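Containing TSV, C-alpha atoms: target.tsv.
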```tsv
chain	number	residue	atom	x	y	z
R	1	MET	CA	0.36	-8.30	-14.77
R	2	ASP	CA	-2.52	-7.34	-17.06
R	3	THR	CA	-2.79	-3.54	-16.96
R	4	SER	CA	-5.10	-2.99	-19.91
R	5	GLY	CA	-8.04	-2.03	-17.70
R	6	ILE	CA	-5.86	0.14	-15.47
R	7	LEU	CA	-4.39	1.98	-18.46
R	8	ASP	CA	-7.84	2.98	-19.65
R	9	ARG	CA	-8.29	4.97	-16.44
R	10	ILE	CA	-4.94	6.80	-16.63
R	11	PRO	CA	-5.04	10.34	-18.08
R	12	SER	CA	-3.49	10.52	-21.52
R	13	ALA	CA	-0.95	13.13	-20.40
R	14	ILE	CA	0.46	10.58	-17.96
R	15	ARG	CA	0.09	7.57	-20.22
R	16	GLN	CA	1.84	9.36	-23.12
R	17	LYS	CA	0.34	6.98	-25.70
R	18	ALA	CA	2.01	3.99	-24.07
R	19	THR	CA	0.85	0.52	-24.99
R	20	ALA	CA	0.36	-2.00	-22.20
R	21	GLU	CA	3.71	-3.54	-23.12
R	22	GLN	CA	5.47	-0.18	-22.88
R	23	TRP	CA	3.76	0.74	-19.61
R	24	ASN	CA	5.02	-2.51	-18.08
R	25	ASP	CA	8.58	-1.85	-19.28
R	26	TYR	CA	10.65	-0.21	-16.56
R	27	ALA	CA	12.99	1.35	-19.13
R	28	TRP	CA	10.00	3.10	-20.73
R	29	GLN	CA	8.85	4.30	-17.30
R	30	LEU	CA	12.28	5.78	-16.55
R	31	SER	CA	12.73	7.43	-19.94
R	32	HIS	CA	9.25	8.98	-19.74
R	33	SER	CA	9.52	10.19	-16.15
R	34	PHE	CA	8.26	13.67	-15.26
R	35	THR	CA	11.16	15.98	-14.46
R	36	THR	CA	9.95	19.55	-15.20
R	37	VAL	CA	7.18	21.88	-14.13
R	38	ASP	CA	6.02	22.22	-17.73
R	39	GLN	CA	5.40	18.47	-17.87
R	40	LEU	CA	3.54	18.50	-14.57
R	41	GLU	CA	1.35	21.42	-15.63
R	42	ASN	CA	-0.35	19.08	-18.10
R	43	VAL	CA	-1.09	16.54	-15.39
R	44	LEU	CA	-1.54	18.24	-12.01
R	45	ASP	CA	-3.43	21.27	-10.79
R	46	LEU	CA	-0.27	23.01	-9.58
R	47	SER	CA	-0.43	25.88	-7.14
R	48	ASP	CA	1.65	29.03	-7.50
R	49	GLU	CA	3.52	27.93	-4.39
R	50	GLU	CA	4.43	24.59	-5.98
R	51	ARG	CA	5.63	26.27	-9.17
R	52	HIS	CA	7.74	28.74	-7.23
R	53	ALA	CA	9.10	26.01	-4.96
R	54	PHE	CA	10.23	24.00	-7.96
R	55	ASP	CA	12.21	26.95	-9.32
R	56	LEU	CA	13.97	27.43	-5.99
R	57	ALA	CA	14.39	23.82	-4.84
R	58	SER	CA	15.41	22.12	-8.06
R	59	HIS	CA	19.06	23.12	-7.55
R	60	ARG	CA	19.33	20.96	-4.41
R	61	LEU	CA	17.29	17.91	-5.40
R	62	ALA	CA	15.99	17.07	-8.86
R	63	LEU	CA	12.37	16.27	-9.63
R	64	ARG	CA	11.66	12.81	-10.93
R	65	ILE	CA	8.34	10.96	-10.87
R	66	THR	CA	7.63	7.86	-12.91
R	67	PRO	CA	4.39	7.87	-14.93
R	68	TYR	CA	3.27	4.89	-12.88
R	69	PHE	CA	3.67	6.66	-9.53
R	70	LEU	CA	2.20	9.88	-10.86
R	71	SER	CA	-0.88	7.93	-11.92
R	72	LEU	CA	-1.50	7.21	-8.21
R	73	VAL	CA	-1.46	10.91	-7.27
R	74	ASP	CA	-4.70	12.88	-6.99
R	75	ALA	CA	-4.29	15.61	-9.61
R	76	HIS	CA	-6.61	18.05	-7.82
R	77	ASP	CA	-5.80	17.42	-4.15
R	78	ARG	CA	-2.81	19.55	-3.15
R	79	SER	CA	-2.68	17.77	0.21
R	80	ASP	CA	-2.56	14.31	-1.37
R	81	PRO	CA	-0.06	12.28	0.75
R	82	LEU	CA	1.72	10.85	-2.29
R	83	ARG	CA	1.94	14.24	-3.95
R	84	LEU	CA	3.45	15.85	-0.85
R	85	GLN	CA	6.34	13.39	-0.91
R	86	VAL	CA	7.53	14.12	-4.46
R	87	ILE	CA	6.46	17.69	-5.38
R	88	PRO	CA	8.61	20.55	-3.98
R	89	ARG	CA	7.08	22.96	-1.49
R	90	MET	CA	8.31	26.28	-0.17
R	91	GLY	CA	9.04	24.64	3.17
R	92	GLU	CA	12.22	23.30	1.59
R	93	MET	CA	13.53	26.85	1.56
R	94	VAL	CA	13.15	27.22	5.35
R	95	VAL	CA	16.32	25.90	6.95
R	96	GLY	CA	16.34	25.54	10.71
R	97	ALA	CA	19.42	25.94	12.90
R	98	GLU	CA	19.06	22.28	13.90
R	99	GLU	CA	19.20	21.01	10.31
R	100	MET	CA	22.25	19.62	8.54
R	101	GLU	CA	23.42	18.71	5.07
R	102	ASP	CA	24.53	15.29	6.37
R	103	PRO	CA	22.26	14.67	9.37
R	104	CYS	CA	23.34	11.05	9.86
R	105	GLY	CA	27.04	11.87	9.82
R	106	GLU	CA	27.80	9.44	7.01
R	107	ASP	CA	30.61	11.56	5.59
R	108	ARG	CA	32.42	11.38	8.92
R	109	ASP	CA	32.29	7.56	8.89
R	110	MET	CA	33.08	7.14	5.18
R	111	VAL	CA	36.25	5.04	5.28
R	112	VAL	CA	36.70	5.06	1.50
R	113	PRO	CA	34.59	6.94	-1.07
R	114	GLY	CA	31.15	5.31	-1.09
R	115	LEU	CA	31.70	2.99	1.91
R	116	VAL	CA	30.46	3.92	5.41
R	117	HIS	CA	31.61	1.94	8.45
R	118	ARG	CA	29.83	3.05	11.63
R	119	TYR	CA	28.56	-0.03	13.42
R	120	PRO	CA	31.11	-2.66	14.48
R	121	ASP	CA	30.00	-5.56	12.26
R	122	ARG	CA	28.34	-3.92	9.24
R	123	VAL	CA	28.99	-1.43	6.47
R	124	LEU	CA	26.92	0.70	4.11
R	125	LEU	CA	27.90	0.53	0.44
R	126	LEU	CA	26.55	3.38	-1.70
R	127	CYS	CA	26.02	1.97	-5.18
R	128	THR	CA	24.49	4.79	-7.20
R	129	ASN	CA	23.26	8.36	-6.87
R	130	HIS	CA	20.11	7.78	-8.92
R	131	CYS	CA	16.58	6.86	-7.81
R	132	ALA	CA	13.40	6.03	-9.68
R	133	GLY	CA	11.83	8.99	-7.89
R	134	TYR	CA	13.20	11.61	-5.52
R	135	CYS	CA	11.61	11.99	-2.09
R	136	ARG	CA	11.69	15.61	-0.96
R	137	TYR	CA	12.83	14.60	2.56
R	138	CYS	CA	15.79	12.56	1.23
R	139	THR	CA	18.56	12.09	3.79
R	140	ARG	CA	21.17	11.96	1.01
R	141	SER	CA	19.89	14.87	-1.06
R	142	ARG	CA	23.41	16.28	-0.87
R	143	MET	CA	24.66	13.56	-3.20
R	144	VAL	CA	21.72	12.03	-5.12
R	145	SER	CA	19.95	13.18	-8.29
R	146	GLY	CA	22.87	15.22	-9.62
R	147	ALA	CA	21.19	18.53	-8.78
R	148	GLY	CA	23.55	19.59	-6.00
R	149	GLY	CA	27.22	20.39	-6.25
R	150	ARG	CA	28.38	17.02	-4.96
R	151	ARG	CA	28.65	13.72	-6.86
R	152	LEU	CA	28.83	10.21	-5.46
R	153	ARG	CA	31.94	8.47	-6.75
R	154	THR	CA	32.25	5.10	-5.08
R	155	ASP	CA	35.77	3.66	-5.21
R	156	TRP	CA	34.78	0.06	-5.83
R	157	LYS	CA	38.27	-1.41	-5.72
R	158	ARG	CA	39.12	0.20	-2.40
R	159	ALA	CA	35.66	-0.54	-0.96
R	160	PHE	CA	35.93	-4.27	-1.68
R	161	GLN	CA	39.50	-4.31	-0.38
R	162	TYR	CA	38.48	-2.57	2.86
R	163	ILE	CA	35.77	-5.18	3.48
R	164	ARG	CA	38.22	-8.01	2.77
R	165	GLU	CA	40.68	-6.57	5.26
R	166	HIS	CA	38.11	-6.11	8.04
R	167	GLY	CA	37.07	-9.53	9.26
R	168	GLU	CA	34.56	-8.05	11.69
R	169	VAL	CA	32.28	-7.04	8.79
R	170	ARG	CA	29.62	-9.70	8.45
R	171	ASP	CA	26.74	-7.63	7.03
R	172	VAL	CA	26.78	-5.34	3.97
R	173	LEU	CA	23.89	-3.00	3.16
R	174	LEU	CA	23.65	-1.80	-0.44
R	175	SER	CA	21.97	1.57	-0.79
R	176	GLY	CA	22.39	4.82	-2.67
R	177	GLY	CA	20.42	6.09	-4.59
R	178	ASP	CA	18.64	2.88	-5.38
R	179	PRO	CA	20.69	-0.26	-6.10
R	180	LEU	CA	17.81	-1.88	-8.00
R	181	LEU	CA	18.25	0.72	-10.74
R	182	LEU	CA	21.57	-0.90	-11.62
R	183	PRO	CA	21.48	-3.34	-14.57
R	184	ASP	CA	21.02	-6.96	-13.52
R	185	ALA	CA	24.55	-7.88	-14.60
R	186	ARG	CA	26.17	-5.02	-12.67
R	187	LEU	CA	24.21	-5.70	-9.49
R	188	ASP	CA	24.96	-9.42	-9.85
R	189	SER	CA	28.68	-8.71	-10.11
R	190	ILE	CA	28.65	-6.54	-6.97
R	191	LEU	CA	26.77	-9.16	-4.96
R	192	THR	CA	29.06	-11.92	-6.27
R	193	GLU	CA	32.15	-9.96	-5.24
R	194	LEU	CA	30.77	-9.42	-1.74
R	195	GLN	CA	29.67	-13.01	-1.29
R	196	GLY	CA	33.15	-14.14	-2.24
R	197	ILE	CA	34.50	-12.54	0.95
R	198	PRO	CA	34.47	-15.39	3.53
R	199	HIS	CA	33.48	-13.36	6.60
R	200	VAL	CA	30.53	-11.60	4.90
R	201	GLU	CA	27.56	-13.64	6.15
R	202	PHE	CA	24.64	-11.91	4.47
R	203	LEU	CA	23.67	-8.98	2.29
R	204	ARG	CA	20.92	-6.37	2.39
R	205	VAL	CA	19.49	-4.10	-0.30
R	206	GLY	CA	17.56	-0.93	0.51
R	207	SER	CA	15.15	0.12	-2.24
R	208	ARG	CA	12.07	2.17	-3.10
R	209	VAL	CA	11.87	0.64	-6.59
R	210	PRO	CA	8.99	-1.75	-5.76
R	211	ILE	CA	6.95	1.37	-4.90
R	212	PHE	CA	8.12	3.92	-7.49
R	213	LEU	CA	8.91	1.49	-10.30
R	214	PRO	CA	7.41	-1.99	-9.66
R	215	GLN	CA	7.93	-2.87	-13.33
R	216	ARG	CA	11.64	-3.20	-12.53
R	217	VAL	CA	10.97	-6.17	-10.25
R	218	THR	CA	11.10	-8.78	-13.00
R	219	GLU	CA	11.30	-12.54	-12.72
R	220	ALA	CA	14.91	-12.31	-13.93
R	221	LEU	CA	15.83	-9.77	-11.24
R	222	CYS	CA	14.19	-11.85	-8.51
R	223	ALA	CA	15.93	-15.03	-9.66
R	224	MET	CA	19.29	-13.26	-9.67
R	225	LEU	CA	18.76	-11.88	-6.17
R	226	ARG	CA	17.69	-15.32	-4.95
R	227	ARG	CA	21.02	-16.78	-6.07
R	228	HIS	CA	22.71	-14.53	-3.53
R	229	ALA	CA	20.81	-15.77	-0.50
R	230	PRO	CA	20.92	-14.99	2.34
R	231	LEU	CA	19.89	-11.59	0.99
R	232	PHE	CA	17.32	-9.34	2.64
R	233	LEU	CA	15.40	-6.54	0.94
R	234	SER	CA	14.31	-3.40	2.81
R	235	VAL	CA	11.52	-1.60	0.95
R	236	HIS	CA	10.78	2.05	1.66
R	237	VAL	CA	7.00	2.55	1.81
R	238	ASN	CA	5.18	5.32	3.68
R	239	HIS	CA	1.47	5.19	2.89
R	240	PRO	CA	-1.12	2.46	2.19
R	241	ARG	CA	-1.98	4.01	-1.18
R	242	GLU	CA	1.55	3.28	-2.35
R	243	LEU	CA	0.62	-0.41	-2.24
R	244	ALA	CA	-1.28	-0.33	-5.54
R	245	PRO	CA	-1.85	-3.60	-7.47
R	246	GLU	CA	1.44	-3.25	-9.39
R	247	ALA	CA	3.42	-2.75	-6.18
R	248	GLU	CA	1.64	-5.66	-4.53
R	249	ALA	CA	2.51	-7.86	-7.51
R	250	ALA	CA	6.17	-6.80	-7.34
R	251	LEU	CA	6.36	-7.60	-3.62
R	252	ALA	CA	4.67	-10.96	-4.28
R	253	ARG	CA	7.32	-11.82	-6.88
R	254	LEU	CA	10.07	-11.11	-4.37
R	255	ALA	CA	8.37	-13.20	-1.69
R	256	ASP	CA	7.64	-16.05	-4.12
R	257	HIS	CA	11.36	-16.23	-4.85
R	258	GLY	CA	12.06	-16.72	-1.17
R	259	LEU	CA	13.48	-13.26	-0.55
R	260	PRO	CA	12.81	-11.92	2.98
R	261	VAL	CA	11.34	-8.44	2.68
R	262	GLY	CA	11.01	-5.85	5.42
R	263	SER	CA	9.70	-2.29	5.28
R	264	GLN	CA	11.18	1.04	6.28
R	265	SER	CA	8.86	3.99	6.70
R	266	VAL	CA	9.49	7.61	7.59
R	267	LEU	CA	7.07	9.40	9.90
R	268	LEU	CA	5.94	12.47	7.92
R	269	ARG	CA	3.65	15.28	9.06
R	270	GLY	CA	0.38	15.47	7.16
R	271	ILE	CA	1.22	12.29	5.25
R	272	ASN	CA	1.22	9.32	7.62
R	273	ASP	CA	1.29	10.76	11.15
R	274	THR	CA	-1.96	9.21	12.39
R	275	LEU	CA	-2.72	5.92	14.07
R	276	GLU	CA	-5.22	4.97	11.38
R	277	ILE	CA	-2.81	5.41	8.48
R	278	GLN	CA	0.07	3.68	10.26
R	279	ARG	CA	-2.06	0.71	11.31
R	280	THR	CA	-3.55	0.33	7.83
R	281	LEU	CA	-0.08	0.51	6.28
R	282	TYR	CA	1.33	-2.24	8.48
R	283	HIS	CA	-1.66	-4.50	8.00
R	284	ARG	CA	-1.41	-4.06	4.24
R	285	LEU	CA	2.32	-4.77	4.32
R	286	LEU	CA	1.80	-8.01	6.19
R	287	ARG	CA	-0.75	-9.09	3.58
R	288	CYS	CA	1.98	-8.44	1.01
R	289	ARG	CA	4.31	-10.66	3.06
R	290	VAL	CA	6.42	-7.69	4.09
R	291	ARG	CA	7.44	-7.42	7.74
R	292	PRO	CA	7.29	-3.86	9.13
R	293	TYR	CA	10.84	-3.26	10.35
R	294	TYR	CA	11.63	0.41	11.00
R	295	LEU	CA	9.58	3.55	11.48
R	296	TYR	CA	12.04	6.42	11.20
R	297	GLN	CA	11.73	9.81	12.79
R	298	CYS	CA	12.37	12.18	9.88
R	299	ASP	CA	16.06	13.09	9.75
R	300	LEU	CA	17.22	16.65	10.32
R	301	ILE	CA	17.93	17.22	6.65
R	302	ARG	CA	18.07	20.84	5.48
R	303	GLY	CA	14.61	22.17	4.62
R	304	SER	CA	12.65	19.36	6.29
R	305	ARG	CA	10.82	21.16	9.11
R	306	HIS	CA	7.50	20.96	7.27
R	307	PHE	CA	7.87	17.17	7.12
R	308	ARG	CA	8.88	16.50	10.71
R	309	THR	CA	6.55	15.58	13.55
R	310	THR	CA	7.50	15.64	17.20
R	311	ILE	CA	8.91	12.44	18.67
R	312	ASP	CA	5.91	12.45	21.03
R	313	THR	CA	3.68	11.98	17.97
R	314	GLY	CA	5.54	8.81	17.03
R	315	LEU	CA	5.56	7.51	20.59
R	316	ASP	CA	1.82	8.06	20.87
R	317	ILE	CA	1.23	6.08	17.66
R	318	MET	CA	3.41	3.21	18.90
R	319	ARG	CA	1.66	3.26	22.28
R	320	ARG	CA	-1.73	2.97	20.58
R	321	LEU	CA	-0.55	0.17	18.32
R	322	ARG	CA	1.04	-2.01	20.99
R	323	GLY	CA	-1.46	-4.59	22.23
R	324	PHE	CA	-4.13	-3.48	19.77
R	325	THR	CA	-2.68	-5.27	16.75
R	326	SER	CA	-0.43	-8.25	16.15
R	327	GLY	CA	3.21	-8.00	17.12
R	328	TYR	CA	4.28	-8.72	13.56
R	329	ALA	CA	2.64	-5.42	12.56
R	330	LEU	CA	4.83	-3.34	14.88
R	331	PRO	CA	8.02	-1.78	13.53
R	332	GLN	CA	10.76	-0.42	15.75
R	333	TYR	CA	10.45	3.35	16.01
R	334	VAL	CA	13.94	4.86	15.73
R	335	VAL	CA	15.73	8.17	15.36
R	336	ASP	CA	19.11	8.46	13.69
R	337	ALA	CA	20.98	10.42	16.33
R	338	PRO	CA	22.06	13.73	14.74
R	339	GLY	CA	25.62	13.92	13.52
R	340	GLY	CA	26.31	10.20	13.32
R	341	GLY	CA	25.15	8.64	16.60
R	342	GLY	CA	23.39	5.81	14.80
R	343	LYS	CA	19.88	4.44	15.27
R	344	VAL	CA	18.38	4.95	18.72
R	345	PRO	CA	15.21	2.95	19.53
R	346	LEU	CA	12.28	5.00	20.79
R	347	ASN	CA	9.65	3.21	22.87
R	348	PRO	CA	6.73	4.28	25.04
R	349	GLU	CA	7.49	3.98	28.75
R	350	TYR	CA	6.12	0.73	30.20
R	351	ILE	CA	8.18	0.76	33.42
R	352	THR	CA	6.53	3.21	35.80
R	353	ALA	CA	8.54	2.57	38.97
R	354	ARG	CA	11.29	0.32	40.32
R	355	ASP	CA	13.21	-0.49	43.46
R	356	GLU	CA	15.80	-3.09	44.39
R	357	LYS	CA	13.29	-5.94	44.40
R	358	THR	CA	10.44	-5.07	42.02
R	359	ILE	CA	9.57	-3.36	38.81
R	360	ARG	CA	6.14	-1.82	38.30
R	361	LEU	CA	4.87	-2.28	34.76
R	362	ILE	CA	1.94	-0.83	32.86
R	363	ASN	CA	0.38	-2.83	30.03
R	364	PHE	CA	-1.26	-1.74	26.77
R	365	SER	CA	-4.63	-1.10	28.45
R	366	GLY	CA	-3.15	0.97	31.28
R	367	ARG	CA	-3.30	-1.72	33.99
R	368	SER	CA	-0.45	-1.87	36.46
R	369	TYR	CA	1.54	-5.01	37.36
R	370	ILE	CA	4.48	-5.80	39.62
R	371	TYR	CA	7.27	-8.11	38.53
R	372	PRO	CA	10.09	-9.35	40.82
R	373	ASN	CA	13.51	-7.89	40.03
R	374	GLU	CA	15.68	-10.12	42.19
R	375	SER	CA	18.34	-12.66	41.35
R	376	PHE	CA	17.53	-15.83	43.30
R	377	ASP	CA	20.09	-18.43	44.25
R	378	SER	CA	18.79	-21.60	42.57
R	379	SER	CA	21.62	-23.89	43.71
R	380	PHE	CA	20.73	-26.92	45.85
R	381	ARG	CA	22.62	-27.49	49.04
```
Let me see the file written as structure tokens.
Amino acid sequence: MDTSGILDRIPSAIRQKATAEQWNDYAWQLSHSFTTVDQLENVLDLSDEERHAFDLASHRLALRITPYFLSLVDAHDRSDPLRLQVIPRMGEMVVGAEEMEDPCGEDRDMVVPGLVHRYPDRVLLLCTNHCAGYCRYCTRSRMVSGAGGRRLRTDWKRAFQYIREHGEVRDVLLSGGDPLLLPDARLDSILTELQGIPHVEFLRVGSRVPIFLPQRVTEALCAMLRRHAPLFLSVHVNHPRELAPEAEAALARLADHGLPVGSQSVLLRGINDTLEIQRTLYHRLLRCRVRPYYLYQCDLIRGSRHFRTTIDTGLDIMRRLRGFTSGYALPQYVVDAPGGGGKVPLNPEYITARDEKTIRLINFSGRSYIYPNESFDSSFR
């Protein structure tokens, strides 16, 4: 897309003398990402708390922000919702007794290095430990970014062999890190290998690249992904402001190539925990031809208390969305049960009473209705 006018409005410290061609090159964006406090000092009005938090938190999760995404952040607003997701805060140093290094229990269900098999018919394949940007609430902060003591080392040969030997696996989700950071040829080879397994029916890719690094979503990448249909893309997006023109264009390219795209959002305190922001986000996503799919309760990752809302907050938002906007705009609110229980749907209560013959229901506007709950014999004698 033409970014010449947009570039004129980007501070020089973020633009780093980039031409329009360089700015639109995802390799340039990655190589010029902001990774240190000294770099950020020239761009953002950092607080003492943010500087101190970076010194303490950088050992557990690296800092990385693409120039593009940083250009969307308000340099002077320390409560900016985009800023809060990527800049360390001292809350990361407060670890609650309920928090875990591996809150989803993936290590327990890792059948070979890099391959998680929890649900009966699907597996999670971890492709890389790198992302275009690192979210401070990252569920896999123990293994991504290279800052911690652990490294992801996927055993590709054993992973493919495991899937071949388990005929019940029909669905493979590629995640990481971010699979879309892999070179086209490498990602193509992984998808080709998986599609060559007869019982694998479809593939999924989880990514935040269209939001952090939309320049990566090239025509060539989209065409390659299209060749592996049926393939579904799950895009991680949390706030309407993340859907800037470049991100919208990237999502349009994916949709134009016939790739089904859904969204995954995380409910985050002070960032998107209001009805207005959630509703605006889902409406914007639908206009981008992205179907809202999951709204996650923030996982119990170590140092995440300052991000987490109560479950009641999420239920209240879902209650106020249901019936007041189109069904397509409603994701499923879920919590990953701590320790590896898997996704548990969370829904407002619409059944208020029941007996052997009836169920009493309440609708979106609070009106009560009775529905029969009997099994009638419909045979003719």
For this session: Identify, on the basis of all atoms listed in the file, every residue whose closest approach to Leu233 of chain R does not exceed 7 Å; exclude the query and any residue fewer than 2 positions from it along the same chain; express the result as a PyMOL selection string.
Result: chain R and resi 204-206+231+235+260-262
Exercise. Neighbours of segment 217-228 of chain R within 12 Å (all atoms listed in the file; same-chain residues fewer than 6 positions away dropped), as a VMD selection string?
Worked result: chain R and resid 1 24 to 27 179 to 196 200 to 205 207 to 211 246 to 260
Exercise. Counting all atoms listed in the file, which residues come within 9 Å of (30.4, 12.3, 11.0), with the point read in the file's coordinates, and could you list them as number ranges by chain?
Worked result: R: 102-110, 339-341
Exercise. So which residues touch Arg64 of chain R within 7 Å, counting all atoms listed in the file, skipping near sequence neighbours fewer than 3 positions away, as a PyMOL selection string?
Worked result: chain R and resi 33-35+133-134
Keeping only C-alpha atoms, write the selected residues to a file as a PDB file, in the frame of the given file.
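Output below, filename out-v9.pdb:
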```pdb
ATOM      1  CA  SER R  33       9.520  10.190 -16.150  1.00  0.00           C
ATOM      2  CA  PHE R  34       8.260  13.670 -15.260  1.00  0.00           C
ATOM      3  CA  THR R  35      11.160  15.980 -14.460  1.00  0.00           C
ATOM      4  CA  GLY R 133      11.830   8.990  -7.890  1.00  0.00           C
ATOM      5  CA  TYR R 134      13.200  11.610  -5.520  1.00  0.00           C
TER       6      TYR R 134
END
```
Seminar exercise, completed: Closest of R:Arg287, R:Arg354, R:Arg9, R:Arg136 to Leu63 of chain R, counting all atoms listed in the file, is R:Arg136
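The coordinates place atom CA of Gln85 of chain R at 26.3 Å from atom CA of Lys17 of chain R.
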Surrounding residues of Arg153 of chain R excluding itself and chain neighbours under 3 positions, 12 Å, all atoms listed in the file, as a PDB file with C-alpha atoms, in the coordinates of the input:
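New file part-v1.pdb:
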```pdb
ATOM      1  CA  VAL R 112      36.700   5.060   1.500  1.00  0.00           C
ATOM      2  CA  PRO R 113      34.590   6.940  -1.070  1.00  0.00           C
ATOM      3  CA  GLY R 114      31.150   5.310  -1.090  1.00  0.00           C
ATOM      4  CA  LEU R 115      31.700   2.990   1.910  1.00  0.00           C
ATOM      5  CA  LEU R 125      27.900   0.530   0.440  1.00  0.00           C
ATOM      6  CA  LEU R 126      26.550   3.380  -1.700  1.00  0.00           C
ATOM      7  CA  CYS R 127      26.020   1.970  -5.180  1.00  0.00           C
ATOM      8  CA  THR R 128      24.490   4.790  -7.200  1.00  0.00           C
ATOM      9  CA  ASN R 129      23.260   8.360  -6.870  1.00  0.00           C
ATOM     10  CA  MET R 143      24.660  13.560  -3.200  1.00  0.00           C
ATOM     11  CA  VAL R 144      21.720  12.030  -5.120  1.00  0.00           C
ATOM     12  CA  GLY R 146      22.870  15.220  -9.620  1.00  0.00           C
ATOM     13  CA  ARG R 150      28.380  17.020  -4.960  1.00  0.00           C
ATOM     14  CA  TRP R 156      34.780   0.060  -5.830  1.00  0.00           C
ATOM     15  CA  LYS R 157      38.270  -1.410  -5.720  1.00  0.00           C
ATOM     16  CA  ARG R 158      39.120   0.200  -2.400  1.00  0.00           C
ATOM     17  CA  ALA R 159      35.660  -0.540  -0.960  1.00  0.00           C
ATOM     18  CA  GLY R 176      22.390   4.820  -2.670  1.00  0.00           C
ATOM     19  CA  GLY R 177      20.420   6.090  -4.590  1.00  0.00           C
TER      20      GLY R 177
END
```
Exercise. Using only C-alpha atoms, which residue out of R:Pro88, R:Gly314, R:Pro292, R:Gly167 lies closest to Gly327 of chain R?
Worked result: R:Pro292
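With all atoms listed in the file as the basis for measurement, R:Arg140 is the residue among R:His236, R:Arg140, R:His283, R:His32 that approaches Ile301 of chain R most closely.
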Please list as a PDB file with C-alpha atoms, in the coordinates of the input every residue within 10 Å of Phe54 of chain R, counting only C-alpha atoms and excluding residues in the same chain fewer than 2 positions away.
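Written output follows (selection08.pdb):
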```
ATOM      1  CA  THR R  36       9.950  19.550 -15.200  1.00  0.00           C
ATOM      2  CA  VAL R  37       7.180  21.880 -14.130  1.00  0.00           C
ATOM      3  CA  ASP R  48       1.650  29.030  -7.500  1.00  0.00           C
ATOM      4  CA  GLU R  49       3.520  27.930  -4.390  1.00  0.00           C
ATOM      5  CA  GLU R  50       4.430  24.590  -5.980  1.00  0.00           C
ATOM      6  CA  ARG R  51       5.630  26.270  -9.170  1.00  0.00           C
ATOM      7  CA  HIS R  52       7.740  28.740  -7.230  1.00  0.00           C
ATOM      8  CA  LEU R  56      13.970  27.430  -5.990  1.00  0.00           C
ATOM      9  CA  ALA R  57      14.390  23.820  -4.840  1.00  0.00           C
ATOM     10  CA  SER R  58      15.410  22.120  -8.060  1.00  0.00           C
ATOM     11  CA  HIS R  59      19.060  23.120  -7.550  1.00  0.00           C
ATOM     12  CA  LEU R  61      17.290  17.910  -5.400  1.00  0.00           C
ATOM     13  CA  ALA R  62      15.990  17.070  -8.860  1.00  0.00           C
ATOM     14  CA  LEU R  63      12.370  16.270  -9.630  1.00  0.00           C
ATOM     15  CA  ILE R  87       6.460  17.690  -5.380  1.00  0.00           C
ATOM     16  CA  PRO R  88       8.610  20.550  -3.980  1.00  0.00           C
ATOM     17  CA  ARG R  89       7.080  22.960  -1.490  1.00  0.00           C
ATOM     18  CA  MET R  90       8.310  26.280  -0.170  1.00  0.00           C
ATOM     19  CA  GLU R  92      12.220  23.300   1.590  1.00  0.00           C
TER      20      GLU R  92
END
```
Seminar exercise, completed: Of R:Thr274, R:Ser265, R:Gln215, R:Ser368, the one sitting nearest Thr66 of chain R when using only C-alpha atoms is R:Gln215
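For the pair atom CA of Gln22 of chain R and atom CA of Leu70 of chain R, the interatomic distance is 16.0 Å.
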